[in-house]
Every structure is written in structure tokens, then in C-alpha cells.
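Text of the file work-v9.tsv, holding TSV, C-alpha atoms:
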```tsv
chain	number	residue	atom	x	y	z
A	169	MET	CA	26.50	-63.97	48.23
A	170	VAL	CA	29.66	-65.47	49.73
A	171	LYS	CA	33.05	-64.04	50.59
A	172	ILE	CA	35.96	-66.28	49.62
A	173	GLU	CA	39.68	-66.07	50.44
A	174	ALA	CA	42.25	-68.33	48.74
A	175	PRO	CA	45.93	-68.24	47.72
A	176	THR	CA	45.07	-67.60	44.05
A	177	LEU	CA	42.14	-66.13	42.14
A	178	GLU	CA	41.50	-69.47	40.37
A	179	GLU	CA	41.24	-71.35	43.66
A	180	ALA	CA	38.92	-68.66	45.02
A	181	LEU	CA	36.57	-69.10	42.02
A	182	ILE	CA	36.56	-72.88	42.44
A	183	LEU	CA	35.74	-72.56	46.16
A	184	ALA	CA	32.99	-70.04	45.34
A	185	ALA	CA	31.46	-72.45	42.81
A	186	LYS	CA	31.42	-75.20	45.46
A	187	GLU	CA	29.85	-72.90	48.03
A	188	LEU	CA	27.16	-71.76	45.59
A	189	SER	CA	26.63	-75.30	44.14
A	190	CYS	CA	27.09	-74.15	40.55
A	191	SER	CA	29.72	-74.25	37.83
A	192	VAL	CA	32.58	-71.76	37.68
A	193	ALA	CA	31.11	-70.27	34.49
A	194	ASP	CA	27.94	-69.32	36.41
A	195	VAL	CA	29.80	-67.44	39.15
A	196	GLU	CA	29.59	-63.66	39.12
A	197	TYR	CA	32.31	-62.17	41.32
A	198	GLU	CA	34.01	-58.97	42.41
A	199	ILE	CA	37.70	-58.90	43.36
A	200	ILE	CA	38.25	-57.25	46.74
A	201	GLU	CA	41.99	-57.86	46.91
A	202	GLN	CA	44.42	-59.21	44.30
A	203	PRO	CA	46.80	-61.99	45.43
A	204	LYS	CA	50.49	-61.17	45.90
A	205	LYS	CA	53.35	-63.67	46.03
A	206	GLY	CA	55.65	-61.44	48.07
A	207	PHE	CA	59.39	-61.97	48.32
A	208	TRP	CA	60.43	-65.23	50.03
A	209	GLY	CA	56.95	-65.34	51.57
A	210	ILE	CA	57.25	-61.82	53.04
A	211	GLY	CA	54.37	-59.57	52.02
A	212	LYS	CA	52.34	-62.47	50.61
A	213	LYS	CA	48.58	-61.83	50.31
A	214	ALA	CA	45.67	-64.09	49.42
A	215	ALA	CA	43.00	-63.38	46.84
A	216	LYS	CA	39.68	-62.11	48.26
A	217	ILE	CA	36.45	-62.08	46.25
A	218	VAL	CA	32.71	-61.67	46.79
A	219	ALA	CA	30.76	-64.08	44.61
A	220	THR	CA	27.14	-64.74	43.67
A	221	ILE	CA	25.35	-66.85	41.09
A	222	ALA	CA	25.03	-64.91	37.85
A	223	PRO	CA	21.42	-64.22	36.72
A	224	VAL	CA	20.09	-66.36	33.90
A	225	SER	CA	20.15	-63.48	31.44
A	226	ALA	CA	23.87	-62.94	32.08
A	227	ILE	CA	24.81	-66.55	31.26
A	228	PRO	CA	25.68	-66.76	27.55
A	229	VAL	CA	23.57	-69.19	25.49
A	230	ILE	CA	25.60	-71.09	22.90
A	231	PRO	CA	23.65	-71.80	19.69
A	232	GLU	CA	23.29	-75.45	18.74
A	233	ARG	CA	25.10	-74.91	15.44
A	234	GLU	CA	28.15	-73.63	17.38
A	235	ILE	CA	28.15	-76.79	19.51
A	236	ARG	CA	27.91	-79.04	16.44
A	237	ARG	CA	30.59	-77.19	14.48
A	238	PRO	CA	33.66	-78.73	16.24
A	239	LEU	CA	32.22	-82.24	15.71
A	240	ARG	CA	31.65	-81.53	12.00
A	241	GLU	CA	35.16	-80.13	11.59
A	242	HIS	CA	36.62	-83.16	13.39
A	243	ARG	CA	34.80	-85.52	10.97
A	244	GLU	CA	36.07	-83.56	7.98
A	245	ARG	CA	39.66	-83.81	9.27
A	246	GLN	CA	39.25	-87.53	9.79
A	247	GLU	CA	38.06	-87.94	6.19
A	248	VAL	CA	41.09	-86.02	4.93
A	249	ILE	CA	43.49	-88.08	7.04
A	250	ARG	CA	41.90	-91.48	6.21
A	251	PRO	CA	43.49	-92.76	2.95
A	252	SER	CA	41.02	-93.51	0.17
A	253	CYS	CA	40.94	-96.59	-2.04
A	254	GLU	CA	42.48	-94.60	-4.91
A	255	THR	CA	45.38	-93.60	-2.67
A	256	ARG	CA	46.06	-97.22	-1.71
A	257	ALA	CA	45.94	-98.31	-5.32
A	258	GLU	CA	48.34	-95.53	-6.26
A	259	GLN	CA	50.79	-96.63	-3.55
A	260	LYS	CA	50.74	-100.20	-4.90
A	261	ARG	CA	51.16	-99.04	-8.53
A	262	PHE	CA	54.18	-96.82	-7.89
A	263	PRO	CA	57.39	-98.21	-6.37
A	264	LEU	CA	58.79	-96.35	-3.36
A	265	GLU	CA	61.43	-94.46	-5.37
A	266	ARG	CA	58.93	-93.46	-8.10
A	267	ARG	CA	56.04	-92.57	-5.80
A	268	PRO	CA	54.78	-88.98	-6.28
A	269	LYS	CA	56.02	-86.54	-3.66
A	270	GLU	CA	53.58	-85.85	-0.85
A	271	ARG	CA	52.71	-82.31	0.10
A	272	GLU	CA	55.24	-81.00	2.62
A	273	ASN	CA	53.98	-80.04	6.05
A	274	PRO	CA	55.32	-76.54	6.93
A	275	ARG	CA	55.48	-77.37	10.64
A	276	GLU	CA	57.53	-80.52	10.05
A	277	LYS	CA	59.82	-78.61	7.67
A	278	GLU	CA	60.40	-75.90	10.30
A	279	ARG	CA	61.03	-78.55	12.97
A	280	ASP	CA	63.60	-80.34	10.77
A	281	ALA	CA	65.37	-77.05	10.08
A	282	LEU	CA	65.59	-76.28	13.80
A	283	MET	CA	66.94	-79.75	14.58
A	284	ALA	CA	69.54	-79.44	11.82
A	285	SER	CA	70.71	-76.05	13.06
A	286	ARG	CA	70.94	-77.38	16.62
A	287	GLU	CA	72.98	-80.41	15.54
A	288	SER	CA	75.32	-78.21	13.54
A	289	SER	CA	75.86	-75.90	16.51
A	290	LEU	CA	76.59	-78.87	18.83
A	291	ALA	CA	78.91	-80.62	16.36
A	292	PRO	CA	82.62	-80.24	17.21
A	293	LYS	CA	84.32	-77.70	15.02
A	294	GLU	CA	87.58	-78.52	13.30
A	295	ILE	CA	90.50	-76.51	14.57
A	296	GLU	CA	92.68	-75.29	11.78
A	297	SER	CA	96.38	-75.52	12.44
A	298	PRO	CA	98.01	-72.09	12.32
A	299	PRO	CA	100.25	-71.47	9.34
A	300	MET	CA	103.99	-71.06	9.76
A	301	SER	CA	104.65	-67.47	10.75
A	302	THR	CA	107.62	-65.18	11.02
A	303	PRO	CA	108.90	-63.91	14.41
A	304	SER	CA	107.21	-60.55	13.83
A	305	ALA	CA	103.87	-62.27	13.14
A	306	SER	CA	104.29	-64.42	16.27
A	307	LEU	CA	104.95	-61.29	18.33
A	308	ALA	CA	101.80	-59.65	16.97
A	309	THR	CA	99.77	-62.78	17.69
A	310	SER	CA	101.13	-62.91	21.24
A	311	LYS	CA	100.11	-59.29	21.82
A	312	ARG	CA	96.60	-60.00	20.53
A	313	VAL	CA	96.30	-63.00	22.85
A	314	ASP	CA	97.47	-60.91	25.85
A	315	ALA	CA	94.97	-58.19	24.96
A	316	LEU	CA	92.18	-60.80	24.70
A	317	ILE	CA	93.09	-62.26	28.11
A	318	ASP	CA	93.09	-58.78	29.67
A	319	SER	CA	89.73	-57.93	28.11
A	320	ASN	CA	88.21	-61.21	29.38
A	321	PHE	CA	89.61	-60.56	32.86
A	322	PHE	CA	88.10	-57.09	33.09
A	323	LYS	CA	84.83	-58.36	31.59
A	324	GLU	CA	84.57	-61.07	34.29
A	325	LYS	CA	85.40	-58.50	36.98
A	326	ASN	CA	82.72	-56.17	35.64
A	327	ASP	CA	80.23	-59.08	35.66
A	328	ILE	CA	81.01	-59.84	39.32
A	329	ASP	CA	80.65	-56.17	40.25
A	330	ARG	CA	77.36	-55.95	38.36
A	331	ILE	CA	75.99	-59.08	40.07
A	332	ALA	CA	77.11	-57.80	43.49
A	333	GLN	CA	75.25	-54.52	42.88
A	334	GLU	CA	72.15	-56.40	41.71
A	335	VAL	CA	72.18	-58.66	44.80
A	336	GLU	CA	72.68	-55.60	47.04
A	337	ASP	CA	69.64	-53.84	45.55
A	338	GLU	CA	67.46	-56.96	45.94
A	339	ILE	CA	68.45	-57.57	49.58
A	340	ASN	CA	67.88	-53.94	50.54
A	341	LEU	CA	64.47	-54.08	48.88
A	342	LEU	CA	63.66	-57.19	50.94
A	343	PHE	CA	64.56	-55.57	54.29
A	344	LEU	CA	63.11	-52.16	53.43
A	345	ASN	CA	59.72	-52.75	55.11
A	346	LEU	CA	60.96	-54.88	58.02
A	347	PRO	CA	61.01	-53.30	61.52
A	348	PHE	CA	64.80	-53.35	61.90
A	349	LYS	CA	67.09	-50.34	62.34
A	350	ILE	CA	69.90	-51.37	60.04
A	351	GLU	CA	72.18	-49.48	57.69
A	352	ARG	CA	72.21	-50.08	53.96
A	353	ILE	CA	73.26	-53.69	53.37
A	354	ARG	CA	76.53	-53.88	51.44
A	355	VAL	CA	77.46	-56.58	48.92
A	356	ARG	CA	80.86	-56.76	47.25
A	357	PRO	CA	83.06	-59.45	45.64
A	358	PHE	CA	85.09	-61.38	48.23
A	359	ASP	CA	86.99	-63.48	45.70
A	360	GLU	CA	86.37	-64.94	42.25
A	361	THR	CA	83.60	-67.26	43.47
A	362	THR	CA	82.24	-65.56	46.60
A	363	LEU	CA	80.12	-62.49	47.41
A	364	PHE	CA	80.61	-60.75	50.77
A	365	ILE	CA	77.28	-59.64	52.31
A	366	GLU	CA	77.51	-57.32	55.34
A	367	PHE	CA	74.78	-56.19	57.76
A	368	LYS	CA	75.43	-53.26	60.12
A	369	GLY	CA	73.24	-51.09	62.30
A	370	GLU	CA	71.56	-50.74	65.67
A	371	ASP	CA	69.33	-53.82	65.27
A	372	SER	CA	71.63	-55.95	63.11
A	373	ALA	CA	72.51	-58.20	66.07
A	374	LEU	CA	68.84	-59.23	66.26
A	375	LEU	CA	69.34	-61.06	62.95
A	376	ILE	CA	71.82	-63.43	64.64
A	377	GLY	CA	69.38	-64.90	67.17
A	378	LYS	CA	70.03	-67.23	70.05
A	379	GLU	CA	73.02	-69.49	69.32
A	380	GLY	CA	73.09	-68.11	65.77
A	381	TYR	CA	69.85	-69.75	64.62
A	382	ARG	CA	68.63	-66.70	62.71
A	383	TYR	CA	72.07	-66.21	61.23
A	384	LYS	CA	72.09	-69.79	59.93
A	385	ALA	CA	68.56	-69.50	58.54
A	386	LEU	CA	69.33	-66.21	56.76
A	387	SER	CA	72.63	-67.59	55.46
A	388	TYR	CA	70.81	-70.66	54.11
A	389	LEU	CA	68.17	-68.57	52.32
A	390	LEU	CA	70.67	-66.14	50.80
A	391	PHE	CA	72.99	-68.94	49.68
A	392	ASN	CA	70.21	-70.89	47.93
A	393	TRP	CA	69.08	-67.75	46.12
A	394	VAL	CA	72.53	-66.40	45.11
A	395	ASN	CA	74.02	-69.78	44.24
A	396	SER	CA	71.07	-71.04	42.18
A	397	LYS	CA	70.64	-67.74	40.27
A	398	TYR	CA	74.23	-66.50	39.88
A	399	GLY	CA	76.42	-69.50	40.76
A	400	PHE	CA	78.32	-67.71	43.56
A	401	MET	CA	79.08	-68.69	47.15
A	402	ILE	CA	78.36	-66.16	49.93
A	403	ARG	CA	80.14	-64.93	53.03
A	404	LEU	CA	77.59	-63.42	55.41
A	405	GLU	CA	78.75	-61.00	58.09
A	406	ILE	CA	76.24	-59.64	60.63
A	407	ALA	CA	77.56	-57.32	63.37
A	408	GLU	CA	80.98	-59.04	63.13
A	409	PHE	CA	79.36	-62.36	64.13
A	410	LEU	CA	81.33	-64.37	61.57
A	411	LYS	CA	84.60	-62.65	62.52
A	412	ASN	CA	84.07	-63.48	66.20
A	413	GLN	CA	83.14	-67.08	65.38
A	414	GLU	CA	86.29	-67.51	63.29
A	415	GLU	CA	88.43	-66.11	66.11
A	416	MET	CA	86.76	-68.43	68.65
A	417	ILE	CA	87.33	-71.51	66.44
A	418	ARG	CA	90.93	-70.47	65.80
A	419	ASN	CA	91.58	-70.40	69.56
A	420	TYR	CA	89.85	-73.76	70.02
A	421	LEU	CA	91.80	-75.41	67.18
A	422	SER	CA	95.20	-74.28	68.44
A	423	PRO	CA	95.81	-77.33	70.76
A	424	VAL	CA	94.07	-79.63	68.25
A	425	ILE	CA	96.54	-78.55	65.56
A	426	GLU	CA	99.47	-79.20	67.92
A	427	ASN	CA	98.23	-82.76	68.57
A	428	ILE	CA	97.82	-83.41	64.86
A	429	LYS	CA	101.36	-82.23	64.18
A	430	LYS	CA	102.61	-84.50	66.98
A	431	PHE	CA	100.63	-87.69	66.21
A	432	GLY	CA	99.82	-87.19	62.52
A	433	ARG	CA	96.05	-87.38	62.99
A	434	GLY	CA	93.23	-85.97	65.09
A	435	GLN	CA	89.67	-84.77	65.28
A	436	THR	CA	87.54	-81.98	66.71
A	437	ARG	CA	84.63	-82.16	69.12
A	438	PRO	CA	81.12	-82.14	67.59
A	439	LEU	CA	80.49	-78.72	66.04
A	440	ASP	CA	77.27	-77.11	64.93
A	441	GLY	CA	76.43	-75.44	61.63
A	442	VAL	CA	78.68	-72.49	60.84
A	443	LEU	CA	81.34	-73.53	63.37
A	444	ALA	CA	81.85	-76.88	61.63
A	445	HIS	CA	82.43	-75.20	58.24
A	446	ILE	CA	84.81	-72.64	59.77
A	447	ALA	CA	86.81	-75.41	61.46
A	448	LEU	CA	86.92	-77.44	58.23
A	449	LYS	CA	88.25	-74.45	56.28
A	450	GLN	CA	90.92	-73.55	58.84
A	451	LEU	CA	92.15	-77.14	59.18
A	452	ARG	CA	92.36	-77.56	55.41
A	453	GLU	CA	94.44	-74.39	55.21
A	454	GLU	CA	96.69	-75.66	58.02
A	455	PHE	CA	97.09	-79.21	56.58
A	456	PRO	CA	96.85	-79.03	52.76
A	457	ASP	CA	98.61	-82.42	52.40
A	458	LYS	CA	96.27	-84.34	54.71
A	459	TYR	CA	92.75	-85.70	54.40
A	460	VAL	CA	90.37	-83.29	56.16
A	461	SER	CA	86.64	-84.04	56.12
A	462	PHE	CA	83.39	-84.26	58.08
A	463	ARG	CA	82.23	-87.31	60.03
A	464	LEU	CA	79.03	-88.08	61.98
A	465	ASN	CA	78.94	-89.70	65.41
A	466	SER	CA	76.23	-92.00	66.80
A	467	ASP	CA	74.11	-88.97	67.79
A	468	ASN	CA	74.25	-87.67	64.19
A	469	GLU	CA	76.50	-84.78	65.28
A	470	ARG	CA	79.13	-83.51	62.87
A	471	TYR	CA	82.87	-83.23	63.63
A	472	VAL	CA	86.06	-82.81	61.58
A	473	ILE	CA	88.77	-85.47	61.22
A	474	VAL	CA	92.35	-85.02	59.98
A	475	ASN	CA	94.25	-88.03	58.69
A	476	ASP	CA	96.83	-89.11	56.12
A	477	PHE	CA	95.65	-89.93	52.63
A	478	ASN	CA	95.40	-93.64	51.88
A	479	LYS	CA	98.36	-94.72	49.81
```
Could you express the structure from this file as C-alpha cells?
Amino acid sequence: MVKIEAPTLEEALILAAKELSCSVADVEYEIIEQPKKGFWGIGKKAAKIVATIAPVSAIPVIPEREIRRPLREHRERQEVIRPSCETRAEQKRFPLERRPKERENPREKERDALMASRESSLAPKEIESPPMSTPSASLATSKRVDALIDSNFFKEKNDIDRIAQEVEDEINLLFLNLPFKIERIRVRPFDETTLFIEFKGEDSALLIGKEGYRYKALSYLLFNWVNSKYGFMIRLEIAEFLKNQEEMIRNYLSPVIENIKKFGRGQTRPLDGVLAHIALKQLREEFPDKYVSFRLNSDNERYVIVNDFNK
């Protein structure tokens, strides 16, 4: 008897078979703990089993006729598929257009129907030109168009609100069992493409970490999840950390902006992570008609440059 622990139940059975020097089919096992994937690796558990070699009476014996049956069926299919001499002679006797119709394969027929429906759905549809209408008809059409635009607007807003609520429930479920004293995490639409995620509470500052390392890691994880699943950007606020960082960068950029206005170009010092993105956003808002982008120095550090567009 051996006790095995592995990420999945299948891997545990394979390891048990190696330990017992037998095949997987001969392993008799009892599951002590089922594996769990967890959420983002949190709460993940491995599979635990106790395994022994099954007694000979418990191993099923397959009759010889059952072993030979697949081989016999395979030979029969090969005989059906292989064209006979009569079939070849018939193909020579009949021209292609007069050849008797072969029996249709239902699977191929279904596949052709699916391909045809897909092609028809992808084909561009002809747009019929609207008939000449009277002023009253044009007014009615305009009202219908305005109503349709309004309905689409409110539908999109409802979708954003629904997604924000769904993200809020998922994040609160994630932090429910963690040892942090934080209030309920709030998620709401920030603009048409961004969700605002806010952490508050006694221990919320612990999620920032030294020099914002935890903040950046959490922001990276949340962005990859929200953006890949819902297509939204995020704005993460933890204990007003982002607000304070924006204020600090605004004060730092004040003389930089004055130099750019005076000389027409300029650059920032190397900035790290969140600070670089905040500086890029503020400079683009300040100089919408100039080229504002990231650059890397010889130490692979990122900074922001402001210059005129090439004409």
C-alpha cells in the first residue's frame, strides 16, 4: 500500500502504478482528498490517494472472442471499402455523367449543409436603397432611428453595470477567505471602456506593499482577467494610493511641462511601472498635438519623451 499525492487524480494513478510496478488498470485505490484548482492559485489542493495492487479476482478477464471482435469488424469494413472487380468494370462501362448515384453519406451531407449555412451567414448582404418618402415618413423614420439609438445606449450601459457587478462579486469571493480586514470591494464603471475597482479598510494599505510592488502585481492580475474576459480596462484604487501617485506625478511634471512649452520638446526621468503610465497620460492630455511616447535608456529603464510629429 502506498500513499500518493499529485496535482490531478490521473497523475496520482500513474505515479501509484509506477510505485507498485503494475499497470494503471491493476491499481485499486481510495481517494483521500479530491484535487481543487482554486482561484488564481489560491485554495489549490492536490489529489491524495491510497493505492494497492488489486487482487487477481478483481481484475476483469476479457474473453478471447471479445478481443478478436474488433479485428474481425475492421476486416469487414476494409472489405466494404475496397472496390470489387464488378465495381471497377461498372465505372469503366458508365461515363461520368451517366454513372449511377452513390449512396449519400449522412455525415458528409450534414457537414456540407453546415458549411453552406456558414458561408451564407458570412456573405455580404445587399443593402436595399430606401424608397422615396414623404416628409411625414422621413420624420417617422428619424424618430425610429433616435429611439433605436437610445435603446442601444441604455442596453450598453446596462451591460457595463452588469459586468461591473459580476466582477465585484468575483473579487469579493476571492478575498473572502484571506486574512485582511477590508471593506466590501466596490466595482463601478469609470468610463465607456474602464472599470473602477476600489479597496478600502483597515488592512487595505497592506495590498500596496513596499514601493507599490503588491499594487502592481494585483493590478496586473486583475487587468489580465478583466480585459481578456470582458474587454475592459481597469483603474485600481487601494487606500487612495493611485490618487496620491497621480498628485505626486502632477507636481513633478509641472517644471517639465514648462520646459516643453519653452523649447518645444522634453523628457522625464526614468519612471517605474504605474508612475510611467500616469506621466504618459498626463502629458498626452497636456500636449494633444505633440508626439508623446515611451523610450528605454541603456539600463532598460522607461521614460517619457515629448516631441513634434515628423512632418
Q) If you count all atoms listed in the file, which residues fall within 10 Å of A:Leu375, apart from same-chain ones fewer than 6 positions away, as a count of residues only? A) 10
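Distance check against A:Val394 using all atoms listed in the file: of A:Ile365, A:Ile425, A:Leu181, A:Cys190, the minimum falls on A:Ile365.
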Q) Quick one: distance from atom CA of A:Tyr459 to atom CA of A:Ile473 in Å, one decimal? A) 7.9 Å
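Pairwise distance (atom CA of A:Phe431, atom CA of A:Arg418) equals 19.8 Å.
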Using all atoms listed in the file, find each residue in stretch 392-456 of chain A having at least one atom no more than 12 Å away from stretch 333-337 of chain A; report its shortest atom-to-atom pair and that distance in Å (one decimal), rows by chain then rising number, as a tab-separated table.
```
residue	atom	partner	partner_atom	distance
A:Trp393	CA	A:Val335	CA	9.7
A:Val394	CA	A:Val335	CA	7.8
A:Asn395	CA	A:Val335	CA	11.3
A:Lys397	CA	A:Val335	CA	10.3
A:Tyr398	CA	A:Val335	CA	9.5
A:Phe400	CA	A:Val335	CA	11.0
A:Ile402	CA	A:Val335	CA	11.0
```
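In this structure, atom CA of A:Phe364 sits 26.3 Å away from atom CA of A:Gly211.
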Q: Dig up all the protein and nucleic acid residues within 10 Å of (36.4, -58.1, 45.5) in the file frame, using only C-alpha atoms, and format them as a VMD selection string.
A: chain A and resid 171 to 173 197 to 202 215 to 219
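Taking all atoms listed in the file, the non-local environment of A:Glu469 within 9 Å (same-chain residues fewer than 5 positions away omitted) comprises Pro438, Leu439, Asp440, Arg463 and Leu464 of chain A.
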Q | Test item: residues at most 12 Å from A:Met416, all atoms listed in the file, excluding those fewer than 5 positions along its chain, as a list in words | A | Phe409, Leu410, Lys411, Leu421, Ser422, Val442, Leu443, Ile446, Ala447 and Gln450 of chain A
How would stretch 360-371 of chain A read, as a PDB file, keeping the file's coordinate frame, once N, CA and C atoms are built in?
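Listing of result-v4.pdb after writing:
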```pdb
ATOM      1  N   GLU A 360      86.922 -64.656  43.562  1.00  0.00           N
ATOM      2  CA  GLU A 360      86.370 -64.940  42.250  1.00  0.00           C
ATOM      3  C   GLU A 360      85.052 -65.710  42.304  1.00  0.00           C
ATOM      4  N   THR A 361      84.799 -66.414  43.397  1.00  0.00           N
ATOM      5  CA  THR A 361      83.600 -67.260  43.470  1.00  0.00           C
ATOM      6  C   THR A 361      82.680 -66.915  44.637  1.00  0.00           C
ATOM      7  N   THR A 362      82.979 -65.840  45.380  1.00  0.00           N
ATOM      8  CA  THR A 362      82.240 -65.560  46.600  1.00  0.00           C
ATOM      9  C   THR A 362      81.835 -64.087  46.664  1.00  0.00           C
ATOM     10  N   LEU A 363      80.610 -63.839  47.141  1.00  0.00           N
ATOM     11  CA  LEU A 363      80.120 -62.490  47.410  1.00  0.00           C
ATOM     12  C   LEU A 363      80.090 -62.264  48.916  1.00  0.00           C
ATOM     13  N   PHE A 364      80.593 -61.115  49.344  1.00  0.00           N
ATOM     14  CA  PHE A 364      80.610 -60.750  50.770  1.00  0.00           C
ATOM     15  C   PHE A 364      79.387 -59.882  51.050  1.00  0.00           C
ATOM     16  N   ILE A 365      78.511 -60.346  51.965  1.00  0.00           N
ATOM     17  CA  ILE A 365      77.280 -59.640  52.310  1.00  0.00           C
ATOM     18  C   ILE A 365      77.402 -59.188  53.765  1.00  0.00           C
ATOM     19  N   GLU A 366      77.255 -57.871  54.011  1.00  0.00           N
ATOM     20  CA  GLU A 366      77.510 -57.320  55.340  1.00  0.00           C
ATOM     21  C   GLU A 366      76.288 -56.545  55.841  1.00  0.00           C
ATOM     22  N   PHE A 367      75.862 -56.888  57.071  1.00  0.00           N
ATOM     23  CA  PHE A 367      74.780 -56.190  57.760  1.00  0.00           C
ATOM     24  C   PHE A 367      75.378 -55.397  58.914  1.00  0.00           C
ATOM     25  N   LYS A 368      75.018 -54.101  59.003  1.00  0.00           N
ATOM     26  CA  LYS A 368      75.430 -53.260  60.120  1.00  0.00           C
ATOM     27  C   LYS A 368      74.233 -52.430  60.573  1.00  0.00           C
ATOM     28  N   GLY A 369      74.312 -51.938  61.810  1.00  0.00           N
ATOM     29  CA  GLY A 369      73.240 -51.090  62.300  1.00  0.00           C
ATOM     30  C   GLY A 369      72.860 -51.425  63.726  1.00  0.00           C
ATOM     31  N   GLU A 370      71.965 -50.614  64.270  1.00  0.00           N
ATOM     32  CA  GLU A 370      71.560 -50.740  65.670  1.00  0.00           C
ATOM     33  C   GLU A 370      70.904 -52.079  65.969  1.00  0.00           C
ATOM     34  N   ASP A 371      70.059 -52.569  65.048  1.00  0.00           N
ATOM     35  CA  ASP A 371      69.330 -53.820  65.270  1.00  0.00           C
ATOM     36  C   ASP A 371      69.908 -55.011  64.504  1.00  0.00           C
TER      37      ASP A 371
END
```
